[in-house]
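Trainee: Input: one structure, supplied below.
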Amino acid sequence: MRLRRWTRNLGPPLLAAGAIALAIAPAVAGPGLPRVARTTAEVAARAPDVLPVCEDGALGPRPEPPDLAGAAWYRLDAVLDDVGALDGQRLALGRVGEVGEIDVALPVESFAAGPLGGRVLVGDDDGRRSRLRLVDAASSCVATIVEAEADVIRRAILEPSGSAIVEFRVDRANRADRGVWRRPLDGSPATLLLEPLPPNDRIGLVFATELAWSADRERLLVVSCGEIACLSRIVDQATGAALVVDDPDVGEPISLLGDQLVAYAACPAVPCSIVSRDLGSGRTRILAELAGLGVTVPTGGGLLIHEDYSGGDRLRVVRLDGAPLASLRLENGLRLVPNGHRAAAALELPAGVVAAAAGGRPRSAALPAVFLDAAGARWLPAGEIAP
Amino acid sequence: MNVRPVSPRLTSPLRVPRAAAVGLLAIALWLPAPPFAAGHSPDPAMSWPLFAANDALEFRWMSNEVPPPRMRDAVVAAAGAATNSRGSRAPSITYAADGASTVEYGANVFCGVNGLACADAWHAPAHFHVAFRTHGHQFDWGRLQWCQLQTTITNGCFDIVNVAIDEFGHVLGLGHHVNLADQSDYLDAVVQTVSRARPKVGWDADVFGRCDVAKLQLRYDQVNTARPYSTCLDLPVALSMTVNDRSIRVGETVTFTVTLQVGTSSAYERLSGNLLSQRAVVLQRRVPGSSTWTTVATIPAVLASGTYQIRVSPTATYDWRGYFYKPAGEGLRASSSAPFSVTVSGGCTSGPCPQLPEPIVEQEGTR
């Protein structure tokens, strides 16, 4: 099985490489990222060094990880000051099968996205300029994509082809929506991909805008959420056409699978119903009620796996037509790892695999995981995904 | 209270009522209807289970996600404010180091990408969970500032107490209040979809609003029969009145007994059929065939909840009814009993008879 082969290929050299730990400080100028050999974040903070800049060509298109061994994971954690205020974020990222991790200190206005092809896109803003950098977990190097954007880049993701960045910006002076932009990695100027969202009374003031790709990687999902309600815009990359889903029954999206927008209903928190909105017919179907975190996989014609609050600590798998497929016990304390913007963490997984972690947020890639296909779902043996 | 003037109390010789009392039950006619006042309805309900009425909920700080001290103080204060202003048999909420429920500082996967805070009570009646985003969290619109965590309070900050009461309201089963289009009723509820930052009106509302209380009363019941119902409600009232004798001679005394209660319907949830005590119920009469009612007296409440009683010595035959005026300070509708006659013989038989107020011989019980 492919998963086993990936696991077997991981070896001591990777473990040694993974022991490298790095730190990035936004105040440090220059093309590289500060790094240290570390065992703890405190060590990293005391002994900054510079993560090497990726060699030319090292960050060429690489849409898929060549192997699970090249896959990456990341996690963002709040860093608080003495009075409990958010003082920044700490990004930890690593590679599947490696023990070590890279620690990156980020300012409050920062994010991470991906991983894609073993790379994590990191954005940070120091109050004067926004920067985008791409950290390659495999080669432990960093490449600067954007050094000084005047607008605030709130979110960005790599295009599935690996050849461009799509970014959402707000105005630095008044935080007004500046739209979604596409920035080729070949140095060409960025172009406006999606106009700013017009004022919308239903969602009110926009709290968060998130970007994601459809499962077929051909459409961009732009999600704008107010304090409670959300609105989705789906941009076809080929035509540039945008479809707006402005429906009070559809909340924060989970994924876009074919013509099915899978989303939480309009709930302030989980548990919540998970619904599927057919983009063609406009019909909304409830896939799960009293659902906790949910994740979809494109395999088996599209499957939703979700935590189930109605029947104890269980995971349930349903097809996108609502038909139940499987049920698994969820060990105490584990939660599904949701999409990156909800978890502030993510990891690359093989097709059909979802992971579980304490609190739903991975600290490494060595996680329990569930394999799903049209026949059902099963827990993978320990170490199947990563040792 | 909106009470009509009462005729002067007069006295006259007592006459022992007839042993065989005649009871007439006259129930005011009403149709079940939504118990909501126009324009400011009670909050909708959350779909998760309810805690038990009068339960004592205790929360602790979630390990590794403990709020900073000033937020802890504000959340504890909010729990007290929610408890004190709940106006119903909704559970109390207090901090306890070993509480079954948890409050968290930091939202993570729980709240999603938006919102200032969120709540989960799906495990009711066992426990609940509330999470607050960190001070300084960066949203698209700017950086979240909790007023209590600022060194110098600034406009644009959010009041922790206000937001915490909103979350505790969710815990107790309240959904977001549906405001009028012009938001003119925003202050009717703290449990709001959109929180207001300082200095917008309502940013620091620190008690449940009347439409929050209304839903808590509907879901958990009123504290007792005497406590007022939220003015966000518009509950129908059933008033029934009986008399111990429908045919007397001049100089004899009859006793009118009124029962006052909330109308009966599943729409009124826990309040359905509740007895109403300590209210102002009046006795009215009219000349048979007339359409004009005259208030004779306020009927005093007796010790039995929801019961009012008065003894009267009528001098002529009249139609009688009990009447409950819509009170200004609570969400109850006006109501009257079905009228009935008490025939008085031996009095004035050829007109014009003197139109004197009926002598009220005795008011029993206490208000």
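FYI, nothing fancy with the structure tokens labels: chains A, B, ... in order, residues from 1 per chain, ligands from 1 as they appear.
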Write out as a ChimeraX atom specification every residue belonging to chain B that has an atom at most 8 Å from any atom of chain A, counting only C-alpha atoms.
Mentor: /B:67-68,108-116,118-120,122,134-142,149,193-194
Trainee: Val295 of chain A: which residues within 10 Å, counting only C-alpha atoms, same-chain residues fewer than 6 positions away excluded, as a PyMOL selection string?
Mentor: chain A and resi 254-255+262-263+303-307+317+336-339+353-355
Trainee: When you count only C-alpha atoms, which of these residues is closest to Ala266 of chain A: A:Val244, A:Leu211, A:Leu231, A:Leu194?
Mentor: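 The shortest atom-to-atom distance to Ala266 of chain A comes from A:Leu231.
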Trainee: Within 12 Å of segment 261-263 of chain B, counting only C-alpha atoms, which residues show up once you throw out same-chain ones fewer than 5 positions away? Write them as number ranges by chain, please.
Mentor: B: 27-35, 218, 221-222, 225-226, 228-229, 233-241, 268-279, 281, 305-308, 324, 331-337
Trainee: Based on DSSP run over this structure's backbone, return all residues of segment 141-350 of chain B in alpha helix (DSSP H), as a PyMOL selection string.
Mentor: chain B and resi 160-171+210-220
